[in-house]
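**Q** Data: final-v1.cif, mmCIF, C-alpha atoms, pLDDT in the B column; chains and numbers go by the auth columns.
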```cif
data_target
loop_
_atom_site.group_PDB
_atom_site.id
_atom_site.type_symbol
_atom_site.label_atom_id
_atom_site.label_comp_id
_atom_site.label_asym_id
_atom_site.label_seq_id
_atom_site.Cartn_x
_atom_site.Cartn_y
_atom_site.Cartn_z
_atom_site.B_iso_or_equiv
_atom_site.auth_seq_id
_atom_site.auth_asym_id
ATOM 1 C CA MET A 1 29.633 39.974 32.503 93.00 1 N
ATOM 2 C CA SER A 2 26.993 37.625 31.193 95.00 2 N
ATOM 3 C CA ALA A 3 27.917 34.667 33.379 95.00 3 N
ATOM 4 C CA ILE A 4 26.161 31.424 32.500 97.00 4 N
ATOM 5 C CA ASP A 5 25.109 28.584 34.767 97.00 5 N
ATOM 6 C CA VAL A 6 26.983 25.411 33.836 97.00 6 N
ATOM 7 C CA ARG A 7 23.652 23.548 33.880 98.00 7 N
ATOM 8 C CA ASP A 8 22.512 25.746 30.988 98.00 8 N
ATOM 9 C CA VAL A 9 25.681 24.886 29.086 98.00 9 N
ATOM 10 C CA THR A 10 25.005 21.171 29.530 97.00 10 N
ATOM 11 C CA ASP A 11 21.326 21.558 28.615 96.00 11 N
ATOM 12 C CA ALA A 12 22.274 23.442 25.442 95.00 12 N
ATOM 13 C CA ALA A 13 24.955 20.889 24.554 93.00 13 N
ATOM 14 C CA ALA A 14 22.476 18.047 25.052 93.00 14 N
ATOM 15 C CA ALA A 15 19.981 19.788 22.758 92.00 15 N
ATOM 16 C CA VAL A 16 22.583 20.190 20.033 91.00 16 N
ATOM 17 C CA LEU A 17 24.003 16.677 20.391 91.00 17 N
ATOM 18 C CA THR A 18 20.582 15.033 20.310 91.00 18 N
ATOM 19 C CA GLY A 19 19.416 17.086 17.357 85.00 19 N
ATOM 20 C CA ALA A 20 16.776 18.925 19.382 71.00 20 N
ATOM 21 C CA GLY A 21 18.359 22.312 18.647 66.00 21 N
ATOM 22 C CA PRO A 22 18.677 24.229 15.373 66.00 22 N
ATOM 23 C CA ASP A 23 20.854 22.322 12.929 69.00 23 N
ATOM 24 C CA GLY A 24 24.277 23.570 11.903 74.00 24 N
ATOM 25 C CA ALA A 25 24.104 26.917 13.702 82.00 25 N
ATOM 26 C CA VAL A 26 26.749 28.507 15.899 88.00 26 N
ATOM 27 C CA HIS A 27 25.406 29.522 19.299 92.00 27 N
ATOM 28 C CA ASP A 28 26.828 32.037 21.737 94.00 28 N
ATOM 29 C CA LEU A 29 25.899 30.792 25.181 96.00 29 N
ATOM 30 C CA THR A 30 25.480 33.495 27.803 97.00 30 N
ATOM 31 C CA GLY A 31 23.570 34.042 30.990 97.00 31 N
ATOM 32 C CA PRO A 32 20.165 35.719 30.827 97.00 32 N
ATOM 33 C CA ARG A 33 21.553 39.122 31.863 97.00 33 N
ATOM 34 C CA ALA A 34 24.861 40.813 32.478 96.00 34 N
ATOM 35 C CA VAL A 35 25.832 41.020 36.151 96.00 35 N
ATOM 36 C CA THR A 36 28.517 42.842 38.075 94.00 36 N
ATOM 37 C CA HIS A 37 30.878 41.330 40.609 93.00 37 N
ATOM 38 C CA ALA A 38 29.084 43.320 43.309 94.00 38 N
ATOM 39 C CA GLU A 39 25.772 41.730 42.219 96.00 39 N
ATOM 40 C CA ILE A 40 27.382 38.287 42.370 95.00 40 N
ATOM 41 C CA ALA A 41 28.589 38.976 45.911 94.00 41 N
ATOM 42 C CA ALA A 42 25.144 40.248 46.938 96.00 42 N
ATOM 43 C CA ALA A 43 23.415 37.156 45.511 96.00 43 N
ATOM 44 C CA LEU A 44 25.819 34.846 47.353 94.00 44 N
ATOM 45 C CA ALA A 45 25.340 36.805 50.574 94.00 45 N
ATOM 46 C CA GLU A 46 21.560 36.575 50.245 95.00 46 N
ATOM 47 C CA ALA A 47 21.634 32.852 49.459 95.00 47 N
ATOM 48 C CA THR A 48 24.077 31.883 52.205 93.00 48 N
ATOM 49 C CA GLY A 49 22.980 34.329 54.879 91.00 49 N
ATOM 50 C CA HIS A 50 26.620 35.323 55.330 90.00 50 N
ATOM 51 C CA PRO A 51 28.392 38.523 54.349 90.00 51 N
ATOM 52 C CA VAL A 52 30.077 38.406 50.958 90.00 52 N
ATOM 53 C CA SER A 53 31.637 41.429 49.322 91.00 53 N
ATOM 54 C CA PHE A 54 33.592 42.330 46.228 92.00 54 N
ATOM 55 C CA ASP A 55 36.469 44.762 46.562 91.00 55 N
ATOM 56 C CA ASP A 56 37.013 46.512 43.248 91.00 56 N
ATOM 57 C CA LEU A 57 40.785 46.956 43.286 93.00 57 N
ATOM 58 C CA THR A 58 42.846 48.919 40.824 94.00 58 N
ATOM 59 C CA PRO A 59 44.645 46.674 38.327 94.00 59 N
ATOM 60 C CA GLU A 60 47.918 47.428 40.112 95.00 60 N
ATOM 61 C CA ALA A 61 46.527 46.516 43.543 96.00 61 N
ATOM 62 C CA PHE A 62 44.949 43.366 42.121 94.00 62 N
ATOM 63 C CA ALA A 63 48.257 42.324 40.521 95.00 63 N
ATOM 64 C CA THR A 64 50.046 42.943 43.826 96.00 64 N
ATOM 65 C CA ALA A 65 47.482 40.844 45.711 94.00 65 N
ATOM 66 C CA LEU A 66 48.024 37.968 43.261 95.00 66 N
ATOM 67 C CA ASP A 67 51.833 38.172 43.456 95.00 67 N
ATOM 68 C CA GLY A 68 53.141 34.895 44.847 94.00 68 N
ATOM 69 C CA VAL A 69 49.677 33.311 44.762 94.00 69 N
ATOM 70 C CA LEU A 70 49.557 32.577 41.039 95.00 70 N
ATOM 71 C CA PRO A 71 52.290 32.215 38.426 96.00 71 N
ATOM 72 C CA PRO A 72 53.015 35.629 36.846 95.00 72 N
ATOM 73 C CA TRP A 73 51.505 34.658 33.461 96.00 73 N
ATOM 74 C CA GLN A 74 48.269 33.522 35.114 96.00 74 N
ATOM 75 C CA ALA A 75 48.046 36.608 37.349 95.00 75 N
ATOM 76 C CA ALA A 76 48.529 38.862 34.315 96.00 76 N
ATOM 77 C CA GLY A 77 45.754 37.013 32.481 96.00 77 N
ATOM 78 C CA LEU A 78 43.380 37.365 35.418 95.00 78 N
ATOM 79 C CA VAL A 79 44.103 41.100 35.726 95.00 79 N
ATOM 80 C CA GLU A 80 43.359 41.449 31.996 96.00 80 N
ATOM 81 C CA ASP A 81 40.129 39.445 32.397 94.00 81 N
ATOM 82 C CA TYR A 82 38.935 41.891 35.047 91.00 82 N
ATOM 83 C CA ALA A 83 39.892 44.853 32.854 93.00 83 N
ATOM 84 C CA HIS A 84 37.870 43.228 30.066 92.00 84 N
ATOM 85 C CA TYR A 85 34.855 42.972 32.404 91.00 85 N
ATOM 86 C CA ALA A 86 35.297 46.568 33.604 90.00 86 N
ATOM 87 C CA ARG A 87 35.166 47.782 29.991 92.00 87 N
ATOM 88 C CA GLY A 88 31.858 45.935 29.543 91.00 88 N
ATOM 89 C CA GLU A 89 33.291 43.701 26.847 93.00 89 N
ATOM 90 C CA ALA A 90 31.752 40.534 28.314 93.00 90 N
ATOM 91 C CA ALA A 91 28.269 41.923 28.904 95.00 91 N
ATOM 92 C CA ARG A 92 26.558 40.853 25.676 95.00 92 N
ATOM 93 C CA VAL A 93 23.539 38.609 26.254 97.00 93 N
ATOM 94 C CA ASP A 94 22.208 36.084 23.748 96.00 94 N
ATOM 95 C CA ASP A 95 18.995 34.030 23.812 95.00 95 N
ATOM 96 C CA ALA A 96 20.676 30.834 22.581 95.00 96 N
ATOM 97 C CA VAL A 97 19.992 28.934 25.815 96.00 97 N
ATOM 98 C CA ALA A 98 16.253 29.577 25.518 96.00 98 N
ATOM 99 C CA VAL A 99 16.249 28.816 21.779 92.00 99 N
ATOM 100 C CA LEU A 100 18.091 25.530 22.235 93.00 100 N
ATOM 101 C CA THR A 101 16.554 24.270 25.462 94.00 101 N
ATOM 102 C CA GLY A 102 13.070 25.747 25.472 94.00 102 N
ATOM 103 C CA HIS A 103 13.655 27.319 28.879 96.00 103 N
ATOM 104 C CA PRO A 104 15.234 30.621 29.859 96.00 104 N
ATOM 105 C CA GLY A 105 18.742 30.616 31.228 97.00 105 N
ATOM 106 C CA ARG A 106 19.061 30.293 34.983 98.00 106 N
ATOM 107 C CA THR A 107 19.571 33.544 36.829 97.00 107 N
ATOM 108 C CA LEU A 108 22.422 34.410 39.129 97.00 108 N
ATOM 109 C CA GLU A 109 19.996 34.298 42.042 97.00 109 N
ATOM 110 C CA GLU A 110 18.849 30.772 41.105 97.00 110 N
ATOM 111 C CA PHE A 111 22.461 29.620 40.877 97.00 111 N
ATOM 112 C CA ALA A 112 23.298 31.159 44.263 96.00 112 N
ATOM 113 C CA ARG A 113 20.250 29.597 45.960 96.00 113 N
ATOM 114 C CA ASP A 114 20.826 26.183 44.395 96.00 114 N
ATOM 115 C CA HIS A 115 24.498 26.108 45.390 95.00 115 N
ATOM 116 C CA ALA A 116 24.447 28.092 48.644 93.00 116 N
ATOM 117 C CA ALA A 117 25.959 25.213 50.610 90.00 117 N
ATOM 118 C CA ALA A 118 29.067 25.271 48.407 90.00 118 N
ATOM 119 C CA PHE A 119 29.654 28.914 49.332 86.00 119 N
ATOM 120 C CA ALA A 120 28.902 28.696 53.056 79.00 120 N
ATOM 121 C CA PRO A 121 31.898 28.881 55.389 71.00 121 N
ATOM 122 C CA ALA A 122 33.418 25.439 55.948 68.00 122 N
ATOM 123 C CA TRP A 123 33.289 25.803 59.731 56.00 123 N
ATOM 124 C CA LEU A 124 29.520 26.366 59.538 54.00 124 N
ATOM 125 C CA SER A 125 28.801 23.202 57.566 52.00 125 N
ATOM 126 C CA ALA A 126 30.703 21.154 60.181 50.00 126 N
ATOM 127 C CA GLN A 127 28.516 22.452 63.044 47.00 127 N
ATOM 128 C CA THR A 128 25.443 20.779 64.420 46.00 128 N
ATOM 129 C CA PHE A 129 22.736 23.127 65.595 42.00 129 N
ATOM 130 C CA THR A 130 19.818 22.144 67.793 39.00 130 N
#
```
Show how you would write the structure in this file as structure tokens.

**A**
Amino acid sequence: MSAIDVRDVTDAAAAVLTGAGPDGAVHDLTGPRAVTHAEIAAALAEATGHPVSFDDLTPEAFATALDGVLPPWQAAGLVEDYAHYARGEAARVDDAVAVLTGHPGRTLEEFARDHAAAFAPAWLSAQTFT
């Protein structure tokens, strides 16, 4: 999927709202490249220094894992989202962020590094090391 950093969304919105971007156009905002869930896990592991993995479950196993965790309608939607990603239907990349903002979209690795603390285990952030 071509996940986008929320900072790029806000930068693009600011460009459009202030008139800095192309006038009257429709823009498809995407990340700079399509990434897999395994690549997302690897980037988070690298940034945090802690193991992170993605288990690619069958749709049936995923639905079973979500049973009782989410309402049935929401679980079904999430299973369909992952099927959509698996079919490559969310992998298209557009250069709208660069066109609107004048800078390339932030990479997955940049996002992971910049927000590593948010993904570190809670018990680790509460520790003091000397």

**Q** Could you write out as a JSON list (two decimals) with C-alpha atoms, in the coordinates of the input the residues that the PyMOL selection byres ((chain N and resi 15) around 12) matches in the shown file?

**A**
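The resulting file, result_20.json, is shown below:
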```json
[["chain", "number", "residue", "atom", "x", "y", "z"],
["N", 8, "ASP", "CA", 22.51, 25.75, 30.99],
["N", 9, "VAL", "CA", 25.68, 24.89, 29.09],
["N", 10, "THR", "CA", 25.00, 21.17, 29.53],
["N", 11, "ASP", "CA", 21.33, 21.56, 28.62],
["N", 12, "ALA", "CA", 22.27, 23.44, 25.44],
["N", 13, "ALA", "CA", 24.96, 20.89, 24.55],
["N", 14, "ALA", "CA", 22.48, 18.05, 25.05],
["N", 16, "VAL", "CA", 22.58, 20.19, 20.03],
["N", 17, "LEU", "CA", 24.00, 16.68, 20.39],
["N", 18, "THR", "CA", 20.58, 15.03, 20.31],
["N", 19, "GLY", "CA", 19.42, 17.09, 17.36],
["N", 20, "ALA", "CA", 16.78, 18.92, 19.38],
["N", 21, "GLY", "CA", 18.36, 22.31, 18.65],
["N", 22, "PRO", "CA", 18.68, 24.23, 15.37],
["N", 23, "ASP", "CA", 20.85, 22.32, 12.93],
["N", 27, "HIS", "CA", 25.41, 29.52, 19.30],
["N", 96, "ALA", "CA", 20.68, 30.83, 22.58],
["N", 97, "VAL", "CA", 19.99, 28.93, 25.82],
["N", 98, "ALA", "CA", 16.25, 29.58, 25.52],
["N", 99, "VAL", "CA", 16.25, 28.82, 21.78],
["N", 100, "LEU", "CA", 18.09, 25.53, 22.24],
["N", 101, "THR", "CA", 16.55, 24.27, 25.46],
["N", 102, "GLY", "CA", 13.07, 25.75, 25.47],
["N", 103, "HIS", "CA", 13.66, 27.32, 28.88]]
```

**Q** Would you mind reading off the distance between CA of Glu110 (chain N) and CA of Ala3 (chain N), one decimal, in Å?

**A**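 Separation of CA of Glu110 (chain N) and CA of Ala3 (chain N): 12.5 Å.
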
**Q** With a distance cut-off of 12 Å and all atoms listed in the file, select the neighbouring residues of Thr48 (chain N), excluding the residue or stretch itself and same-chain residues fewer than 6 positions from it, and output the selection as a PyMOL selection string.

**A** chain N and resi 41-42+109+111-122+124-125

**Q** For the file shown, what are the residues hit by the PyMOL selection byres ((chain N and resi 53-65) around 8), laid out as an mmCIF file with C-alpha atoms, in the coordinates of the input?

**A**
```
data_model
loop_
_atom_site.group_PDB
_atom_site.id
_atom_site.type_symbol
_atom_site.label_atom_id
_atom_site.label_comp_id
_atom_site.auth_asym_id
_atom_site.auth_seq_id
_atom_site.Cartn_x
_atom_site.Cartn_y
_atom_site.Cartn_z
ATOM 1 C CA HIS N 37 30.878 41.330 40.609
ATOM 2 C CA ALA N 38 29.084 43.320 43.309
ATOM 3 C CA ALA N 41 28.589 38.976 45.911
ATOM 4 C CA ALA N 42 25.144 40.248 46.938
ATOM 5 C CA ALA N 45 25.340 36.805 50.574
ATOM 6 C CA PRO N 51 28.392 38.523 54.349
ATOM 7 C CA VAL N 52 30.077 38.406 50.958
ATOM 8 C CA LEU N 66 48.024 37.968 43.261
ATOM 9 C CA ASP N 67 51.833 38.172 43.456
ATOM 10 C CA VAL N 69 49.677 33.311 44.762
ATOM 11 C CA ALA N 75 48.046 36.608 37.349
ATOM 12 C CA ALA N 76 48.529 38.862 34.315
ATOM 13 C CA VAL N 79 44.103 41.100 35.726
ATOM 14 C CA ALA N 83 39.892 44.853 32.854
#
```

**Q** Could you tell me how far CA of Arg106 (chain N) lies from CA of Ile40 (chain N), in Å and to one decimal?

**A**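 We find that CA of Arg106 (chain N) and CA of Ile40 (chain N) lie 13.7 Å from each other.
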
**Q** Please report the interatomic distance between CA of Val93 (chain N) and CA of Val6 (chain N) in Å with one decimal.

**A**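 Separation of CA of Val93 (chain N) and CA of Val6 (chain N): 15.6 Å.
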
**Q** Going by the chain IDs and residue numbers used in this file, which residues fall under the PyMOL selection byres ((chain N and resi 4) around 6)? Write them as JSON, numbers by chain.

**A** {"N": [3, 5, 30, 31]}
